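Chemist: Following this line is input.txt, made up of compact mmCIF, C-alpha atoms:
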```txt
# COMPACT_ATOMS: atom_id res chain seq x y z
CA MET A 10 90.66 111.53 87.87
CA SER A 11 89.37 110.90 91.37
CA PHE A 12 88.77 107.78 93.39
CA HIS A 13 85.91 107.66 95.93
CA SER A 14 86.22 105.38 98.90
CA GLY A 15 84.48 105.08 102.26
CA PRO A 16 87.69 104.71 104.30
CA ALA A 17 88.61 108.34 103.63
CA THR A 18 85.72 109.45 105.84
CA LEU A 19 86.89 107.22 108.66
CA CYS A 20 90.45 108.43 108.36
CA ALA A 21 89.43 112.07 108.54
CA THR A 22 87.48 111.29 111.71
CA LEU A 23 90.46 109.61 113.34
CA ALA A 24 92.68 112.56 112.41
CA CYS A 25 95.85 110.52 112.34
CA ALA A 26 98.16 109.16 109.72
CA ALA A 27 100.14 106.07 108.82
CA LEU A 28 101.10 103.18 111.03
CA VAL A 29 104.18 101.05 110.83
CA PRO A 30 103.62 97.51 109.47
CA ARG A 31 102.50 94.87 111.94
CA ALA A 32 104.94 92.48 113.52
CA ALA A 33 102.71 89.42 113.83
CA GLN A 34 101.05 87.30 111.20
CA ALA A 35 97.32 87.95 110.87
CA GLN A 36 94.46 86.04 109.30
CA GLN A 37 93.55 86.76 105.68
CA PHE A 38 89.90 87.68 105.16
CA SER A 39 87.32 89.60 103.17
CA ALA A 40 84.69 91.90 104.66
CA VAL A 41 82.53 94.98 104.25
CA MET A 42 83.16 98.28 105.99
CA VAL A 43 80.01 100.20 106.87
CA ASP A 44 80.59 103.91 107.37
CA SER A 45 77.65 105.21 109.40
CA HIS A 46 79.00 108.68 110.14
CA GLY A 47 76.39 111.32 109.34
CA THR A 48 73.04 110.57 107.74
CA ASP A 49 74.06 108.22 104.94
CA ALA A 50 75.65 104.79 105.39
CA ALA A 51 78.32 103.71 102.89
CA ARG A 52 79.46 100.15 102.30
CA THR A 53 82.96 99.40 101.05
CA ARG A 54 84.11 95.89 100.18
CA PHE A 55 87.71 95.01 100.95
CA ASN A 56 90.12 92.06 101.01
CA VAL A 57 93.08 91.62 103.34
CA GLY A 58 96.08 89.45 102.45
CA ASP A 59 99.30 88.86 104.35
CA ASP A 60 100.79 92.27 103.65
CA LYS A 61 98.24 94.04 101.48
CA VAL A 62 94.65 95.24 101.51
CA ARG A 63 92.43 95.99 98.54
CA TRP A 64 89.55 98.48 98.84
CA VAL A 65 86.94 98.60 96.10
CA THR A 66 86.30 102.10 94.75
CA THR A 67 82.88 103.15 93.53
CA ARG A 68 81.04 105.99 91.87
CA GLY A 69 77.39 105.82 92.75
CA ASP A 70 76.40 102.16 92.48
CA SER A 71 79.16 101.28 89.99
CA VAL A 72 82.54 99.77 90.81
CA THR A 73 85.25 101.90 89.19
CA GLY A 74 88.39 100.17 90.40
CA ALA A 75 90.32 99.62 93.60
CA VAL A 76 92.96 100.97 95.94
CA ILE A 77 95.72 98.52 96.89
CA LEU A 78 97.81 99.20 99.99
CA ASP A 79 101.08 97.44 100.69
CA PHE A 80 101.62 97.46 104.47
CA ARG A 81 105.23 96.28 104.25
CA ARG A 82 106.39 98.71 101.57
CA ARG A 83 103.94 101.42 102.64
CA THR A 84 102.75 102.17 99.13
CA LEU A 85 99.40 102.84 97.50
CA THR A 86 98.29 101.91 93.99
CA ALA A 87 94.97 103.13 92.58
CA LEU A 88 93.35 101.15 89.76
CA ASP A 89 90.89 102.60 87.25
CA ASP A 90 89.00 99.72 85.63
CA GLN A 91 87.24 102.02 83.17
CA THR A 92 90.45 103.27 81.53
CA GLU A 93 92.60 100.25 82.50
CA GLN A 94 95.17 102.50 84.10
CA TYR A 95 96.87 102.62 87.48
CA TYR A 96 98.40 105.41 89.51
CA THR A 97 101.07 105.36 92.23
CA PRO A 98 101.67 108.69 93.99
CA SER A 99 105.24 109.89 94.42
CA ASP A 100 106.71 110.89 97.78
CA ASN A 101 105.89 114.57 97.26
CA ASP A 102 102.40 113.93 95.93
CA PRO A 103 99.56 115.13 98.23
CA ALA A 104 97.89 111.77 97.59
CA THR A 105 100.70 110.13 99.55
CA GLU A 106 99.46 111.79 102.74
CA LEU A 107 95.96 110.51 102.05
CA ALA A 108 97.39 107.07 101.39
CA ASP A 109 99.05 107.11 104.80
CA LEU A 110 95.66 107.51 106.45
CA PHE A 111 94.52 104.08 105.33
CA PHE A 112 97.22 102.34 107.36
CA ILE A 113 95.46 103.13 110.64
CA MET A 114 93.35 100.02 110.13
CA ARG A 115 96.12 97.63 111.19
CA PRO A 116 97.88 98.83 114.38
CA ALA A 117 101.43 97.67 114.91
CA ASP A 118 101.09 96.77 118.59
CA LEU A 119 97.87 95.17 119.84
CA ARG A 120 98.96 95.79 123.45
CA ASP A 121 99.17 99.55 122.91
CA PRO A 122 97.67 100.73 119.59
CA CYS A 123 98.14 104.39 120.55
CA LYS A 124 101.91 103.93 120.55
CA SER A 125 102.06 103.67 116.78
CA TRP A 126 99.07 105.94 116.16
CA ASN A 127 100.80 108.73 118.03
CA ALA A 128 104.04 108.16 116.16
CA ALA A 129 102.10 108.48 112.93
CA ALA A 130 100.13 111.53 113.98
CA ARG A 131 103.17 113.63 114.82
CA ALA A 132 103.27 115.38 111.47
CA ASP A 133 104.62 118.51 113.10
CA LYS A 134 106.85 116.53 115.49
CA SER A 135 105.50 118.55 118.41
CA GLU A 136 103.49 117.92 121.56
CA PRO A 137 103.35 114.13 121.52
CA PRO A 138 101.30 112.19 122.37
CA HIS A 139 98.15 113.29 120.53
CA PHE A 140 96.02 110.83 122.48
CA SER A 141 96.28 107.95 124.94
CA CYS A 142 94.78 104.48 124.94
CA GLN A 143 93.16 102.75 127.90
CA SER A 144 92.18 99.11 127.62
CA LEU A 145 88.54 98.43 128.48
CA GLY A 146 88.92 94.68 128.13
CA ALA A 147 87.26 92.10 125.94
CA ASP A 148 84.11 92.85 123.96
CA THR A 149 82.37 91.66 120.80
CA VAL A 150 81.69 93.33 117.46
CA ASN A 151 79.12 91.71 115.19
CA GLY A 152 79.57 88.39 116.97
CA ARG A 153 83.36 88.37 116.89
CA PRO A 154 85.72 88.81 119.87
CA ALA A 155 87.35 92.25 120.01
CA ASP A 156 89.50 94.29 122.35
CA LYS A 157 87.91 97.62 123.27
CA TRP A 158 90.04 100.75 123.76
CA GLN A 159 89.21 104.21 125.01
CA LEU A 160 91.02 107.01 123.18
CA THR A 161 91.51 110.29 125.03
CA TYR A 162 92.44 113.23 122.81
CA LYS A 163 95.12 115.35 124.45
CA ARG A 164 94.11 118.80 123.26
CA SER A 165 90.35 118.54 123.75
CA GLY A 166 90.15 115.99 126.54
CA LYS A 167 87.37 114.24 124.62
CA THR A 168 87.18 110.48 124.36
CA GLY A 169 86.40 108.07 121.57
CA TYR A 170 86.47 104.30 121.30
CA ALA A 171 88.13 101.72 119.08
CA TRP A 172 87.64 97.97 118.80
CA ILE A 173 90.41 95.74 117.40
CA ASP A 174 89.85 92.12 116.37
CA PRO A 175 92.89 90.31 117.84
CA HIS A 176 92.61 87.39 115.42
CA LEU A 177 92.31 89.52 112.30
CA HIS A 178 94.70 92.14 113.74
CA TYR A 179 92.38 94.78 112.34
CA LEU A 180 90.37 97.80 113.49
CA VAL A 181 86.74 96.66 113.27
CA LYS A 182 84.75 99.44 114.95
CA MET A 183 85.21 103.12 115.74
CA GLN A 184 83.22 105.69 117.71
CA ASP A 185 84.06 109.38 117.65
CA PRO A 186 83.97 111.62 120.76
CA ALA A 187 80.30 112.38 120.04
CA ALA A 188 79.58 108.67 120.64
CA GLN A 189 78.52 108.16 117.04
CA THR A 190 79.54 104.87 115.46
CA THR A 191 81.56 105.98 112.46
CA MET A 192 82.73 102.61 111.19
CA GLN A 193 82.04 98.90 111.57
CA VAL A 194 83.50 95.88 109.80
CA ARG A 195 80.85 93.31 108.92
CA GLU A 196 80.40 90.12 106.90
CA VAL A 197 83.87 88.83 107.76
CA LYS A 198 84.87 85.73 105.78
CA GLU A 199 88.19 84.27 106.87
CA GLY A 200 90.39 82.42 104.41
CA PRO A 201 93.17 82.82 101.86
CA GLN A 202 92.65 85.66 99.40
CA GLU A 203 93.42 85.38 95.69
CA PRO A 204 96.92 86.87 95.11
CA SER A 205 95.75 88.52 91.89
CA LEU A 206 93.60 90.89 93.95
CA PHE A 207 96.71 92.68 95.16
CA VAL A 208 98.58 93.26 91.89
CA VAL A 209 98.05 95.53 88.90
CA PRO A 210 96.08 93.56 86.26
CA HIS A 211 97.90 92.60 83.09
CA GLY A 212 97.52 95.19 80.35
CA TYR A 213 96.94 98.18 82.66
CA THR A 214 99.13 101.18 81.84
CA LYS A 215 100.66 103.59 84.31
CA MET A 216 98.94 106.95 84.51
CA ASP A 217 101.00 110.12 84.30
CA PRO A 218 101.10 112.14 87.52
CA PRO A 219 98.51 114.92 87.57
CA GLU A 220 99.78 118.41 86.79
CA PRO A 221 100.11 120.75 89.77
CA PRO A 222 97.25 123.26 90.06
CA ARG A 223 97.80 126.56 88.30
CA PRO A 224 97.49 129.74 90.35
CA SER A 225 94.27 131.64 89.82
CA HIS A 226 94.32 135.35 89.01
CA PRO A 227 91.64 137.90 89.86
```
Taking this structure as input, can you express it in the form of structure tokens?

Modeler:
Amino acid sequence: MSFHSGPATLCATLACAALVPRAAQAQQFSAVMVDSHGTDAARTRFNVGDDKVRWVTTRGDSVTGAVILDFRRRTLTALDDQTEQYYTPSDNDPATELADLFFIMRPADLRDPCKSWNAAARADKSEPPHFSCQSLGADTVNGRPADKWQLTYKRSGKTGYAWIDPHLHYLVKMQDPAAQTTMQVREVKEGPQEPSLFVVPHGYTKMDPPEPPRPSHP
């Protein structure tokens, strides 16, 4: 079974992995992420609680379930509403690496987001840092205050840009080195989120881990 979600495209563009949980309390909210990378725009609804975020998963125009991320425990749970099952990848599951990518949305240190992004990106533990952050000061994204950062990639020397909402403590806009806007957070509605959004619904059963792929023979 597969889960389709817009954030995966953003994470591949950023080319970095998990962040450590944030230190400061941030506002709960709901919003829509618009992924405008390429020719087609994708909209993904999500909800952010104190320590968790829930991304809606879709197939075509139909909602199929959700992905729940726990920032404090650094875990991912995927829900399949059609089969009423849930799946949590183990430490050695390839899905765990994909799960780590989602945590880029909430940087640990608003004063230097690259500090934790670099720590996360060092998968091979070599040649840190992968990129550096330079503050470009205050800006706005869709009518909300945001801090703008320039990201300089070490190996290529290319630059991209990131905007972080200091009140939401969340990444709300991203531009890749080609100056294409790859992600924006829109339709922000601040306020407490229903706790049931961030737990496995009653009656859902745990899905068995997928079998490892079998080697193909000529």

Chemist: Measure the distance from CA of Lys215 in chain A to CA of Leu88 in chain A in Å and round it to one decimal.

Modeler: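 So the two atoms, CA of Lys215 in chain A and CA of Leu88 in chain A, lie 9.4 Å apart.
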
Chemist: What box, with edges along x, y and z, holds each listed atom of range 146-153 of chain A when 6 Å is added on every side, and can you state its centre and edge lengths in Å to one decimal, as JSON?

Modeler:
```
{"center_x": 84.0, "center_y": 91.5, "center_z": 121.7, "size_x": 21.8, "size_y": 18.3, "size_z": 24.9}
```

Chemist: Would you mind reading off the distance between CA of Ser71 in chain A and CA of Gln184 in chain A, one decimal, in Å?

Modeler: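 So the two atoms, CA of Ser71 in chain A and CA of Gln184 in chain A, lie 28.4 Å apart.
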
Chemist: Show me, as a PyMOL selection string, the residues that have an atom within 12 Å of Val209 in chain A when counting all atoms listed in the file, minus same-chain residues fewer than 5 positions from it.

Modeler: chain A and resi 63+74-78+85-90+93-97+204+214-215

Chemist: Pick the closest to Gly166 in chain A from A:Ser141, A:Gln36, A:Thr149, A:Thr66: which is it, counting all atoms listed in the file?

Modeler: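 Smallest distance to Gly166 in chain A is found for A:Ser141.
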
Chemist: How far is it from CA of Glu196 in chain A to CA of Arg82 in chain A, in Å with one decimal?

Modeler: 27.9 Å

Chemist: So, counting all atoms listed in the file, which residue among A:Lys124, A:Ala40, A:Ala51, A:Thr92 is closest to Thr191 in chain A?

Modeler: A:Ala51

Chemist: If we count all atoms listed in the file and set the cut-off at 12 Å, which residues sit around Val181 in chain A, ignoring sequence neighbours fewer than 6 positions away in its own chain? Please answer as a ChimeraX atom specification.

Modeler: /A:19,40-44,113-116,148-158,170-175,190-197

Chemist: Taking into account all atoms listed in the file, which residue in the set A:Met216, A:Thr161, A:Asp185, A:Asp121 is nearest to Ser144 in chain A?

Modeler: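 For Ser144 in chain A, the nearest of the candidates is A:Asp121.
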
Chemist: Need to verify the contact set: Lys167 in chain A, 9 Å, all atoms listed in the file, exclusion of same-chain residues closer than 4 positions in sequence. Can you return it as an NGL selection string?

Modeler: :A and (160-163 or 186-187)
